[in-house]
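Trainee: I have a structure here, written as structure tokens, and I will follow up with some questions on it.
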Amino acid sequence: MFDIKPFGGVIYGADYNPEQWPREVWREDARLMNEAGVNLVSLGIFSWALLEPRPGEYDFGWLDEVMDLLHEHGVGVNLATATASPPPWLSLKYPDSKPVTADGVRLEVGGRQLYCPSHAAFREHVRTLTRQIAVRYAAHPALRMWHVNNEYGCHIDQCYCDLCAGNFRDWLHGQYGTLEALNAAWGTAFWSQRYGDWAEIQPPRRAPTYPNPTQQLDWRRFSSDNILELYRLEVGVLREVTPEVPVTTNFLGFLPGLDYFKWAREEDVVSLDAYPDPSDAAPHLDAGMSYDLMRSLRGGQRWILMEQAPSAVNWRQHNAVKRPGLMRVLNHQALAHGASGLMFFQWRASRAGAEKYHSGMVQHVGPERSRVWREVKALGQELGSLSALTRASVQSRVAVMFDWNNWWALELDSKPAALKLMPLVRKWYAALRGLGQNVDFVHPDADLGAYDVIALPNGYLLTQGAAENLRTFVQGGGTFIAGFFSGIVDKHEHVGLGGYPGFLRDVLGLWVEEWAPLQPGETTRVRLEAGEEVQATQWAEVIHPEGAEVLATFGEDYLAGGAAVTRHAFGAGQAYYLGSDLPQPALAGLLEGALRAVNVPLCIVPEQLDLSVSTLEEGQVLHLLNVHPTAPLTVTLPAGGERLGGGDSVPGTLTLAPYAAELIRYAGVVDLAAVRVQGGEAAVASEQQKLPVSG
Ligand code: GAL
């Protein structure tokens with residue numbers, strides 16, 4: 001259970017690492033936290049080596065002092081279990097607790113996150129430290145929540161050591177029961193891979209050529225589950241000692257290694273670390289995608305932005321600062337996408353260590369003369385007027401279907417083409433955002449009933465259950481839009497025979513005879529119904545409609561005249577299929593037509609505008625965020641809006657200066673169709689390239 005009430009509004013704060021500073025700085029910190037409106041700090045994340053300087057010897061004195069000081073100043077604590085990085089003594093005492101790469105290299109002391117998730121003594125130390133901390137601070141009045149470990153899987157998401165090999169075998173035993181079942185699932189009749197004994201099974205370590213694909217896929221599933229076991233171990237202790245204190249661990253958005261749909265079920269509130277690159281033309285797109293995923297992981301529950309940079313990070317080759325105003329508008333974006341907490345890494349920029357050039361709320365220059373400080377302080381003050389948003393829901397009629405299993409499977413080696421999932425997801429997501437849609441991410445097994453439209457940029461791996469779920473959704477009147485190479489393999493990565501996509505043929509009303517993937521940089525012409533042509537990339541295929549209507553055709557080579565985009569009326573719904581990777585405007589046009597056909601309200605939004613709608617009991621809030629450093633926008637608004645917080649009525653036409661955030665409250669539902677945006681760069685959906693699919 002997570003309750004926002006004890007925070008008294010939006011959560012605001014940072015990772016706090018007082019152990020890097022002398023005592024006299026701590027008092028100054030607490031005073032400045034009050035000045036900036038900080039109400040929560042994450043404490044002790046990397047403190048293991050100080051809290052347990054020698055095995056079994058604890059020193060909590062300094063932490064007691066900091067906890068008390070923060071409490072005196074009314075600052076709550078998101079207390080870490082301090083297990084994120086074991087101290088050097090532990091790694092030296094147990095050399096086999098150090099993780100091993102696929103090449104058999106054991107990693108060494110000097111960085112962080114140096115642990116093998118399977119190591120029994122390491123796990124025992126984790127359990128003991130967690131218990132020590134939980135028991136000691138259970139009744140401390142500053143304690144608000146538990147921060148378990150830190151960014152699991154950030155550096156080490158797979159350890160290939162012998163201990164992990166043993167756990168892998170146990171996990172496989174649990175999945176398959178018998179070796180026969182495993183041999184069948186892994187297709188070991190191929191390349192003489194048949195296993196006669198469980199002991200023969202290894203992780204997919206560096207091999208002469210492609211390791212067995214199902215072995216690799218199961219290894220990814222196991223590796224996520226194995227680290228999840230480690231998390232469970234800590235949470236078990238915390239729930240036993242402090243059942244009423246909420247638990248979280250900070251996620252990393254679309255992190256390849258961990259299946260967060262599984263993980264999120266086991267925390268009370270989702271939290272996220274997000275570091276969009278300020279040098280990107282549209283940093284808010286990647287950020288927004290992660291935000292929407294976080295909101296979706298626990299069925300729409302609001303979440304906490306646990307870490308973001310106040311300005312620059314230190315870990316890219318070239319680290320752009322957040323120019324004046326960008327930090328604020330990106331925080332508004334997090335609120336608009338469902339965050340109830342806005343936290344930074346870190347409170348005070350370090351003097352030493354690997355992250356000394358990472359920005360902090362308090363920069364090296366000190367607070368008074370720092371524009372970053374002025375900005376974070378101003379944001380802290382502004383949040384006072386935005387508390388209502390912590391009660392809002394972000395509702396979507398459109399969802400992008402996403403599954404880690406598909407991500408892993410699609411990007412295994414030895415495919416018709418080396419495809420990457422995330423660029424496709426990003427492209428579809430951007431197109432839907434460009435139609436003014438709040439977008440959820442939905443797991444293939446989830447209840448789809450709340451949505452009008454399900455978009456599947458790629459669903460190469462689709463289980464029988466997921467295909468059935470989609471079939472029921474379309475039959476019941478839903479609109480389903482599938483990208484190429486979807487519905488091809490089952491959960492063991494076995495191909496559905498008799499014409500692709502074996503698992504969706506009836507729904508899509510077609511079958512595919514063969515694929516003709518393009519070379520990198522190659523394009524192929526796709527002719528839209530109106531006669532206009534666009535250049536598609538990555539993929540082409542021979543589609544035989546069986547009931548589906550052809551909306552676009554391939555324009556060249558032996559595919560010329562063949563279907564490229566189709567629509568099939570199935571039950572009470574519609575199923576669209578895209579046999580190629582259309583350019584962004586054509587994709588946006590297709591999605592627009594599909595939404596209009598089922599009367600999903602929309603408006604055309606340029607990429608630089610982050611538009612969202614939040615729903616409160618008493619009406620809706622339209623969030624208009626201009627995430628552009630120089631280009632203003634003009635927005636024509638539906639009548640009847642008032643500024644959130646201020647209450648003053650807004651004019652019919654509003655100018656959004658660069659980096660401006662306007663939050664407009666309506667008594668009822670926001671009429672999206674009445675929103676018109678002028679100016680801005682490269683609107684994603686252009687009139688000329690629209691596919692004529694509406695109606
Ligand atoms: C996060 C991590 C923090 C800090 C930060 C720097 O990934 O949790 O401890 O390293 O990055 O950007």
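Ligands are numbered from 1 in the order shown, chains are lettered A, B, ... in the order of the structure tokens, and residues start at 1 in each chain.
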Write out as CSV a residue-level contact list of chain A versus ligand 1 with cut-off 8 Å: for each qualifying residue the closest pair of atoms and the distance in Å to one decimal, counting only C-alpha atoms and all ligand atoms, rows sorted by chain and residue number upward.
Mentor:
```
residue,atom,partner,partner_atom_place_in_ligand_line,distance
A:Ile45,CA,ligand 1,9 (O),7.8
A:Phe46,CA,ligand 1,9 (O),7.9
A:Asn150,CA,ligand 1,8 (O),5.9
A:Glu151,CA,ligand 1,8 (O),5.7
A:Cys154,CA,ligand 1,7 (O),7.1
A:Asn250,CA,ligand 1,8 (O),7.7
A:Leu252,CA,ligand 1,7 (O),7.8
A:Asp273,CA,ligand 1,1 (C),6.7
A:Tyr275,CA,ligand 1,12 (O),6.9
A:Glu307,CA,ligand 1,1 (C),7.0
A:Gln308,CA,ligand 1,12 (O),7.2
A:Ala309,CA,ligand 1,12 (O),6.5
A:Val313,CA,ligand 1,12 (O),5.5
A:Asn314,CA,ligand 1,12 (O),6.9
A:Trp315,CA,ligand 1,12 (O),7.0
A:Phe345,CA,ligand 1,5 (C),5.9
A:Gln346,CA,ligand 1,4 (C),7.7
A:Glu355,CA,ligand 1,6 (C),6.9
A:His358,CA,ligand 1,6 (C),6.7
```
Trainee: Go ahead and write the selection's residues with C-alpha atoms as a compact mmCIF listing (two decimals), in the first residue's frame.
Mentor:
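Result saved to out-v2.txt:
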```txt
# COMPACT_ATOMS: atom_id res chain seq x y z
CA ILE A 45 22.12 3.76 -0.97
CA PHE A 46 25.89 3.26 -1.22
CA ASN A 150 19.63 0.41 -6.37
CA GLU A 151 18.95 -0.05 -10.06
CA CYS A 154 21.99 -1.63 -14.27
CA ASN A 250 14.24 2.22 -8.64
CA LEU A 252 15.43 2.15 -15.35
CA ASP A 273 15.44 6.84 -12.76
CA TYR A 275 18.20 10.55 -17.67
CA GLU A 307 16.32 10.08 -9.98
CA GLN A 308 16.95 12.63 -12.71
CA ALA A 309 19.83 15.03 -13.25
CA VAL A 313 25.27 13.86 -16.09
CA ASN A 314 28.89 12.71 -16.16
CA TRP A 315 28.63 9.37 -17.91
CA PHE A 345 20.44 12.47 -8.27
CA GLN A 346 21.87 13.95 -6.18
CA GLU A 355 30.46 11.13 -10.36
CA HIS A 358 27.42 14.97 -12.24
```
Trainee: With DSSP run on the backbone, what are the strand (DSSP E or B) residues within segment 347-431 of chain A? I'd like them as a list in words.
Mentor: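 Here is the list: Arg348, Val362, Ser393, Val398, Ala399, Val400 and Met401 of chain A.
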Trainee: Between A:Pro457, A:Gly465, A:Gly679, A:Gly299, single out the one closest to Phe484 of chain A, counting only C-alpha atoms.
Mentor: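 Going through A:Pro457, A:Gly465, A:Gly679, A:Gly299 one by one, the smallest distance to Phe484 of chain A is for A:Pro457.
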Trainee: Just the residues within 12 Å of segment 647-655 of chain A, please, counting only C-alpha atoms, with nothing from its chain fewer than 2 positions along; format it as a JSON list (two decimals) with all heavy atoms, in the first residue's frame.
Mentor:
```json
[["chain", "number", "residue", "atom", "x", "y", "z"],
["A", 385, "SER", "N", 1.48, 24.43, -5.49],
["A", 385, "SER", "CA", 0.19, 24.69, -6.15],
["A", 385, "SER", "C", -0.25, 23.52, -7.02],
["A", 385, "SER", "O", -1.26, 23.60, -7.70],
["A", 385, "SER", "CB", 0.30, 25.96, -7.00],
["A", 385, "SER", "OG", 1.28, 25.75, -8.01],
["A", 622, "LEU", "N", -5.60, 19.84, -18.81],
["A", 622, "LEU", "CA", -4.84, 19.74, -20.06],
["A", 622, "LEU", "C", -3.44, 20.27, -19.78],
["A", 622, "LEU", "O", -3.27, 21.42, -19.35],
["A", 622, "LEU", "CB", -5.54, 20.60, -21.13],
["A", 622, "LEU", "CG", -4.87, 20.69, -22.50],
["A", 622, "LEU", "CD1", -4.82, 19.34, -23.19],
["A", 622, "LEU", "CD2", -5.62, 21.71, -23.38],
["A", 624, "LEU", "N", 0.01, 21.38, -21.29],
["A", 624, "LEU", "CA", 0.64, 21.80, -22.55],
["A", 624, "LEU", "C", 2.08, 22.21, -22.24],
["A", 624, "LEU", "O", 2.32, 23.21, -21.56],
["A", 624, "LEU", "CB", -0.10, 22.99, -23.14],
["A", 624, "LEU", "CG", -1.55, 22.75, -23.56],
["A", 624, "LEU", "CD1", -2.22, 24.08, -23.93],
["A", 624, "LEU", "CD2", -1.65, 21.77, -24.72],
["A", 625, "LEU", "N", 3.04, 21.42, -22.72],
["A", 625, "LEU", "CA", 4.44, 21.67, -22.38],
["A", 625, "LEU", "C", 5.23, 21.85, -23.66],
["A", 625, "LEU", "O", 5.29, 20.94, -24.50],
["A", 625, "LEU", "CB", 5.00, 20.48, -21.58],
["A", 625, "LEU", "CG", 4.11, 19.99, -20.43],
["A", 625, "LEU", "CD1", 4.68, 18.71, -19.81],
["A", 625, "LEU", "CD2", 3.97, 21.06, -19.36],
["A", 626, "ASN", "N", 5.81, 23.01, -23.81],
["A", 626, "ASN", "CA", 6.61, 23.27, -25.02],
["A", 626, "ASN", "C", 8.07, 22.91, -24.72],
["A", 626, "ASN", "O", 8.79, 23.68, -24.10],
["A", 626, "ASN", "CB", 6.48, 24.75, -25.41],
["A", 626, "ASN", "CG", 7.27, 25.05, -26.68],
["A", 626, "ASN", "OD1", 7.82, 24.13, -27.32],
["A", 626, "ASN", "ND2", 7.34, 26.33, -27.04],
["A", 631, "ALA", "N", 11.63, 27.72, -30.08],
["A", 631, "ALA", "CA", 10.44, 27.94, -30.92],
["A", 631, "ALA", "C", 9.16, 28.02, -30.09],
["A", 631, "ALA", "O", 8.79, 27.05, -29.42],
["A", 631, "ALA", "CB", 10.33, 26.81, -31.95],
["A", 632, "PRO", "N", 8.45, 29.17, -30.14],
["A", 632, "PRO", "CA", 7.17, 29.26, -29.44],
["A", 632, "PRO", "C", 6.06, 28.52, -30.21],
["A", 632, "PRO", "O", 6.25, 28.16, -31.37],
["A", 632, "PRO", "CB", 6.89, 30.76, -29.42],
["A", 632, "PRO", "CG", 7.64, 31.31, -30.58],
["A", 632, "PRO", "CD", 8.80, 30.38, -30.86],
["A", 633, "LEU", "N", 4.94, 28.32, -29.57],
["A", 633, "LEU", "CA", 3.79, 27.68, -30.20],
["A", 633, "LEU", "C", 2.55, 28.51, -29.89],
["A", 633, "LEU", "O", 2.49, 29.16, -28.85],
["A", 633, "LEU", "CB", 3.57, 26.28, -29.62],
["A", 633, "LEU", "CG", 4.60, 25.21, -29.90],
["A", 633, "LEU", "CD1", 4.31, 23.99, -29.03],
["A", 633, "LEU", "CD2", 4.56, 24.83, -31.38],
["A", 634, "THR", "N", 1.58, 28.40, -30.77],
["A", 634, "THR", "CA", 0.29, 29.04, -30.49],
["A", 634, "THR", "C", -0.76, 27.94, -30.42],
["A", 634, "THR", "O", -0.84, 27.11, -31.33],
["A", 634, "THR", "CB", -0.08, 30.03, -31.61],
["A", 634, "THR", "OG1", 1.05, 30.91, -31.76],
["A", 634, "THR", "CG2", -1.30, 30.83, -31.27],
["A", 635, "VAL", "N", -1.53, 27.96, -29.35],
["A", 635, "VAL", "CA", -2.52, 26.89, -29.19],
["A", 635, "VAL", "C", -3.91, 27.51, -29.03],
["A", 635, "VAL", "O", -4.13, 28.37, -28.18],
["A", 635, "VAL", "CB", -2.20, 26.02, -27.95],
["A", 635, "VAL", "CG1", -3.16, 24.85, -27.86],
["A", 635, "VAL", "CG2", -0.76, 25.53, -27.98],
["A", 636, "THR", "N", -4.83, 27.06, -29.87],
["A", 636, "THR", "CA", -6.22, 27.45, -29.72],
["A", 636, "THR", "C", -6.89, 26.42, -28.82],
["A", 636, "THR", "O", -6.73, 25.21, -29.04],
["A", 636, "THR", "CB", -6.93, 27.48, -31.09],
["A", 636, "THR", "OG1", -6.15, 28.28, -31.96],
["A", 636, "THR", "CG2", -8.33, 28.04, -30.99],
["A", 637, "LEU", "N", -7.60, 26.92, -27.81],
["A", 637, "LEU", "CA", -8.08, 26.02, -26.76],
["A", 637, "LEU", "C", -9.60, 25.89, -26.77],
["A", 637, "LEU", "O", -10.31, 26.82, -27.19],
["A", 637, "LEU", "CB", -7.68, 26.59, -25.40],
["A", 637, "LEU", "CG", -6.19, 26.60, -25.11],
["A", 637, "LEU", "CD1", -5.91, 27.51, -23.94],
["A", 637, "LEU", "CD2", -5.73, 25.17, -24.81],
["A", 638, "PRO", "N", -10.10, 24.79, -26.25],
["A", 638, "PRO", "CA", -11.54, 24.71, -26.01],
["A", 638, "PRO", "C", -11.92, 25.77, -24.97],
["A", 638, "PRO", "O", -11.09, 26.11, -24.11],
["A", 638, "PRO", "CB", -11.74, 23.31, -25.43],
["A", 638, "PRO", "CG", -10.43, 22.59, -25.54],
["A", 638, "PRO", "CD", -9.37, 23.59, -25.81],
["A", 639, "ALA", "N", -13.13, 26.27, -25.05],
["A", 639, "ALA", "CA", -13.56, 27.32, -24.11],
["A", 639, "ALA", "C", -13.74, 26.74, -22.70],
["A", 639, "ALA", "O", -13.92, 25.54, -22.54],
["A", 639, "ALA", "CB", -14.87, 27.92, -24.61],
["A", 640, "GLY", "N", -13.69, 27.63, -21.72],
["A", 640, "GLY", "CA", -14.07, 27.23, -20.35],
["A", 640, "GLY", "C", -12.92, 26.83, -19.46],
["A", 640, "GLY", "O", -13.14, 26.41, -18.33],
["A", 641, "GLY", "N", -11.69, 26.96, -19.94],
["A", 641, "GLY", "CA", -10.55, 26.53, -19.12],
["A", 641, "GLY", "C", -10.09, 27.59, -18.13],
["A", 641, "GLY", "O", -10.26, 28.78, -18.35],
["A", 642, "GLU", "N", -9.54, 27.10, -17.01],
["A", 642, "GLU", "CA", -8.91, 28.00, -16.03],
["A", 642, "GLU", "C", -7.53, 27.47, -15.72],
["A", 642, "GLU", "O", -7.32, 26.27, -15.74],
["A", 642, "GLU", "CB", -9.70, 27.96, -14.70],
["A", 642, "GLU", "CG", -11.01, 28.62, -14.73],
["A", 642, "GLU", "CD", -11.69, 28.49, -13.36],
["A", 642, "GLU", "OE1", -11.17, 27.76, -12.49],
["A", 642, "GLU", "OE2", -12.73, 29.13, -13.19],
["A", 643, "ARG", "N", -6.62, 28.37, -15.35],
["A", 643, "ARG", "CA", -5.27, 27.90, -14.99],
["A", 643, "ARG", "C", -5.33, 27.11, -13.70],
["A", 643, "ARG", "O", -5.95, 27.55, -12.72],
["A", 643, "ARG", "CB", -4.32, 29.07, -14.82],
["A", 643, "ARG", "CG", -3.90, 29.64, -16.14],
["A", 643, "ARG", "CD", -2.48, 30.21, -16.10],
["A", 643, "ARG", "NE", -2.05, 30.49, -17.47],
["A", 643, "ARG", "CZ", -2.47, 31.54, -18.18],
["A", 643, "ARG", "NH1", -3.30, 32.40, -17.65],
["A", 643, "ARG", "NH2", -2.04, 31.70, -19.42],
["A", 644, "LEU", "N", -4.71, 25.94, -13.68],
["A", 644, "LEU", "CA", -4.66, 25.15, -12.45],
["A", 644, "LEU", "C", -3.85, 25.93, -11.42],
["A", 644, "LEU", "O", -2.81, 26.48, -11.75],
["A", 644, "LEU", "CB", -4.00, 23.79, -12.72],
["A", 644, "LEU", "CG", -3.99, 22.82, -11.56],
["A", 644, "LEU", "CD1", -5.38, 22.20, -11.36],
["A", 644, "LEU", "CD2", -2.97, 21.71, -11.76],
["A", 645, "GLY", "N", -4.30, 25.93, -10.20],
["A", 645, "GLY", "CA", -3.58, 26.69, -9.18],
["A", 645, "GLY", "C", -4.10, 28.10, -9.12],
["A", 645, "GLY", "O", -4.82, 28.46, -8.20],
["A", 657, "ALA", "N", 5.59, 30.00, -24.80],
["A", 657, "ALA", "CA", 6.99, 30.38, -25.02],
["A", 657, "ALA", "C", 7.86, 29.11, -24.96],
["A", 657, "ALA", "O", 7.41, 28.07, -24.46],
["A", 657, "ALA", "CB", 7.40, 31.36, -23.94],
["A", 658, "PRO", "N", 9.10, 29.18, -25.44],
["A", 658, "PRO", "CA", 10.01, 28.04, -25.29],
["A", 658, "PRO", "C", 10.06, 27.58, -23.83],
["A", 658, "PRO", "O", 10.16, 28.40, -22.92],
["A", 658, "PRO", "CB", 11.35, 28.60, -25.74],
["A", 658, "PRO", "CG", 10.99, 29.68, -26.70],
["A", 658, "PRO", "CD", 9.71, 30.27, -26.20],
["A", 659, "TYR", "N", 9.96, 26.30, -23.62],
["A", 659, "TYR", "CA", 10.00, 25.64, -22.30],
["A", 659, "TYR", "C", 8.82, 26.03, -21.39],
["A", 659, "TYR", "O", 8.88, 25.83, -20.17],
["A", 659, "TYR", "CB", 11.32, 25.92, -21.57],
["A", 659, "TYR", "CG", 12.53, 25.25, -22.18],
["A", 659, "TYR", "CD1", 13.81, 25.78, -21.98],
["A", 659, "TYR", "CD2", 12.43, 24.09, -22.93],
["A", 659, "TYR", "CE1", 14.94, 25.17, -22.52],
["A", 659, "TYR", "CE2", 13.55, 23.48, -23.48],
["A", 659, "TYR", "CZ", 14.79, 24.03, -23.27],
["A", 659, "TYR", "OH", 15.91, 23.43, -23.79],
["A", 660, "ALA", "N", 7.76, 26.58, -21.95],
["A", 660, "ALA", "CA", 6.62, 26.96, -21.10],
["A", 660, "ALA", "C", 5.79, 25.74, -20.74],
["A", 660, "ALA", "O", 5.70, 24.78, -21.51],
["A", 660, "ALA", "CB", 5.75, 27.98, -21.84],
["A", 661, "ALA", "N", 5.19, 25.81, -19.56],
["A", 661, "ALA", "CA", 4.25, 24.77, -19.12],
["A", 661, "ALA", "C", 2.94, 25.45, -18.77],
["A", 661, "ALA", "O", 2.91, 26.34, -17.93],
["A", 661, "ALA", "CB", 4.81, 24.05, -17.90],
["A", 662, "GLU", "N", 1.87, 25.07, -19.45],
["A", 662, "GLU", "CA", 0.54, 25.60, -19.12],
["A", 662, "GLU", "C", -0.35, 24.45, -18.70],
["A", 662, "GLU", "O", -0.47, 23.45, -19.42],
["A", 662, "GLU", "CB", -0.08, 26.29, -20.35],
["A", 662, "GLU", "CG", 0.57, 27.60, -20.73],
["A", 662, "GLU", "CD", 0.10, 28.78, -19.87],
["A", 662, "GLU", "OE1", -0.71, 28.57, -18.93],
["A", 662, "GLU", "OE2", 0.54, 29.91, -20.15],
["A", 663, "LEU", "N", -0.97, 24.58, -17.52],
["A", 663, "LEU", "CA", -1.87, 23.54, -17.02],
["A", 663, "LEU", "C", -3.25, 24.15, -16.92],
["A", 663, "LEU", "O", -3.45, 25.09, -16.13],
["A", 663, "LEU", "CB", -1.40, 23.04, -15.65],
["A", 663, "LEU", "CG", -0.30, 21.98, -15.67],
["A", 663, "LEU", "CD1", 0.98, 22.51, -16.27],
["A", 663, "LEU", "CD2", -0.06, 21.44, -14.27],
["A", 664, "ILE", "N", -4.18, 23.62, -17.70],
["A", 664, "ILE", "CA", -5.48, 24.26, -17.80],
["A", 664, "ILE", "C", -6.56, 23.29, -17.34],
["A", 664, "ILE", "O", -6.64, 22.16, -17.83],
["A", 664, "ILE", "CB", -5.74, 24.72, -19.25],
["A", 664, "ILE", "CG1", -4.59, 25.65, -19.64],
["A", 664, "ILE", "CG2", -7.07, 25.43, -19.37],
["A", 664, "ILE", "CD1", -4.35, 25.73, -21.09],
["A", 665, "ARG", "N", -7.36, 23.76, -16.40],
["A", 665, "ARG", "CA", -8.37, 22.87, -15.81],
["A", 665, "ARG", "C", -9.74, 23.12, -16.45],
["A", 665, "ARG", "O", -10.13, 24.26, -16.66],
["A", 665, "ARG", "CB", -8.45, 23.15, -14.30],
["A", 665, "ARG", "CG", -9.19, 22.08, -13.55],
["A", 665, "ARG", "CD", -9.26, 22.38, -12.11],
["A", 665, "ARG", "NE", -9.74, 23.75, -11.89],
["A", 665, "ARG", "CZ", -9.64, 24.38, -10.74],
["A", 665, "ARG", "NH1", -9.05, 23.81, -9.73],
["A", 665, "ARG", "NH2", -10.12, 25.60, -10.60],
["A", 666, "TYR", "N", -10.42, 22.03, -16.73],
["A", 666, "TYR", "CA", -11.77, 22.11, -17.29],
["A", 666, "TYR", "C", -12.74, 21.42, -16.33],
["A", 666, "TYR", "O", -12.37, 20.42, -15.70],
["A", 666, "TYR", "CB", -11.83, 21.45, -18.67],
["A", 666, "TYR", "CG", -11.12, 22.26, -19.72],
["A", 666, "TYR", "CD1", -9.76, 22.10, -19.94],
["A", 666, "TYR", "CD2", -11.81, 23.20, -20.48],
["A", 666, "TYR", "CE1", -9.09, 22.87, -20.89],
["A", 666, "TYR", "CE2", -11.15, 23.97, -21.43],
["A", 666, "TYR", "CZ", -9.80, 23.80, -21.63],
["A", 666, "TYR", "OH", -9.15, 24.57, -22.57],
["A", 667, "ALA", "N", -13.95, 21.94, -16.27],
["A", 667, "ALA", "CA", -14.94, 21.35, -15.36],
["A", 667, "ALA", "C", -15.32, 19.95, -15.84],
["A", 667, "ALA", "O", -15.62, 19.06, -15.05],
["A", 667, "ALA", "CB", -16.16, 22.24, -15.28],
["A", 674, "ALA", "N", -11.04, 20.16, -30.28],
["A", 674, "ALA", "CA", -11.08, 21.63, -30.40],
["A", 674, "ALA", "C", -9.70, 22.25, -30.20],
["A", 674, "ALA", "O", -9.55, 23.47, -30.29],
["A", 674, "ALA", "CB", -12.08, 22.19, -29.38],
["A", 675, "VAL", "N", -8.70, 21.44, -29.89],
["A", 675, "VAL", "CA", -7.35, 21.98, -29.68],
["A", 675, "VAL", "C", -6.65, 22.10, -31.03],
["A", 675, "VAL", "O", -6.62, 21.15, -31.81],
["A", 675, "VAL", "CB", -6.53, 21.05, -28.73],
["A", 675, "VAL", "CG1", -5.10, 21.56, -28.59],
["A", 675, "VAL", "CG2", -7.20, 20.92, -27.38],
["A", 676, "ARG", "N", -6.12, 23.28, -31.32],
["A", 676, "ARG", "CA", -5.38, 23.49, -32.58],
["A", 676, "ARG", "C", -4.02, 24.07, -32.24],
["A", 676, "ARG", "O", -3.95, 25.04, -31.49],
["A", 676, "ARG", "CB", -6.09, 24.51, -33.47],
["A", 676, "ARG", "CG", -7.45, 24.14, -33.91],
["A", 676, "ARG", "CD", -7.45, 23.62, -35.38],
["A", 676, "ARG", "NE", -8.80, 23.31, -35.79],
["A", 676, "ARG", "CZ", -9.53, 22.28, -35.34],
["A", 676, "ARG", "NH1", -9.00, 21.45, -34.47],
["A", 676, "ARG", "NH2", -10.76, 22.08, -35.75],
["A", 677, "VAL", "N", -2.99, 23.50, -32.80],
["A", 677, "VAL", "CA", -1.64, 23.98, -32.50],
["A", 677, "VAL", "C", -1.02, 24.56, -33.76],
["A", 677, "VAL", "O", -1.04, 23.91, -34.81],
["A", 677, "VAL", "CB", -0.75, 22.84, -31.95],
["A", 677, "VAL", "CG1", 0.58, 23.41, -31.46],
["A", 677, "VAL", "CG2", -1.46, 22.08, -30.84],
["A", 678, "GLN", "N", -0.50, 25.76, -33.63],
["A", 678, "GLN", "CA", 0.22, 26.36, -34.76],
["A", 678, "GLN", "C", 1.68, 26.60, -34.40],
["A", 678, "GLN", "O", 1.98, 26.86, -33.24],
["A", 678, "GLN", "CB", -0.39, 27.71, -35.15],
["A", 678, "GLN", "CG", -1.54, 27.61, -36.11],
["A", 678, "GLN", "CD", -2.77, 28.23, -35.50],
["A", 678, "GLN", "OE1", -2.68, 29.29, -34.90],
["A", 678, "GLN", "NE2", -3.91, 27.57, -35.62],
["A", 679, "GLY", "N", 2.50, 26.51, -35.42],
["A", 679, "GLY", "CA", 3.93, 26.70, -35.20],
["A", 679, "GLY", "C", 4.52, 25.36, -34.80],
["A", 679, "GLY", "O", 3.86, 24.32, -34.83],
["A", 680, "GLY", "N", 5.78, 25.41, -34.44],
["A", 680, "GLY", "CA", 6.41, 24.16, -34.04],
["A", 680, "GLY", "C", 7.03, 23.48, -35.23],
["A", 680, "GLY", "O", 6.66, 23.74, -36.37]]
```
Trainee: For the atom pair atom CA of His494 of chain A and atom CA of Pro211 of chain A, what is the interatomic distance in Å to one decimal place?
Mentor: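 That distance, rounded to one decimal, is 15.6 Å.
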Trainee: Smallest atom-to-atom distance to Asp286 of chain A: which of A:Glu607, A:Arg27, A:Tyr210, A:Val241, using only C-alpha atoms?
Mentor: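 Among A:Glu607, A:Arg27, A:Tyr210, A:Val241, it is A:Glu607 that comes nearest to Asp286 of chain A.
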Trainee: Once DSSP has gone over the backbone, tell me which residues of segment 258-418 of chain A are in helix (DSSP H, G or I), as a VMD selection string.
Mentor: chain A and resid 260 to 264 283 to 297 326 to 336 371 to 391 404 to 410
Trainee: Could you list, with a cut-off of 10 Å and counting only C-alpha atoms, the residues of segment 23-96 of chain A near segment 111-114 of chain A, each shown with its nearest atom pair and the distance in Å rounded to one decimal, rows sorted by chain and ascending number, as JSON lines?
Mentor:
```
{"residue": "A:Phe46", "atom": "CA", "partner": "A:Arg112", "partner_atom": "CA", "distance": 8.9}
{"residue": "A:Thr83", "atom": "CA", "partner": "A:Gln113", "partner_atom": "CA", "distance": 8.9}
{"residue": "A:Ala84", "atom": "CA", "partner": "A:Gln113", "partner_atom": "CA", "distance": 5.9}
{"residue": "A:Ser85", "atom": "CA", "partner": "A:Gln113", "partner_atom": "CA", "distance": 4.6}
{"residue": "A:Pro86", "atom": "CA", "partner": "A:Leu114", "partner_atom": "CA", "distance": 6.7}
{"residue": "A:Pro87", "atom": "CA", "partner": "A:Leu114", "partner_atom": "CA", "distance": 9.0}
{"residue": "A:Pro88", "atom": "CA", "partner": "A:Leu114", "partner_atom": "CA", "distance": 9.2}
{"residue": "A:Leu90", "atom": "CA", "partner": "A:Leu114", "partner_atom": "CA", "distance": 9.8}
{"residue": "A:Ser91", "atom": "CA", "partner": "A:Leu114", "partner_atom": "CA", "distance": 7.6}
```
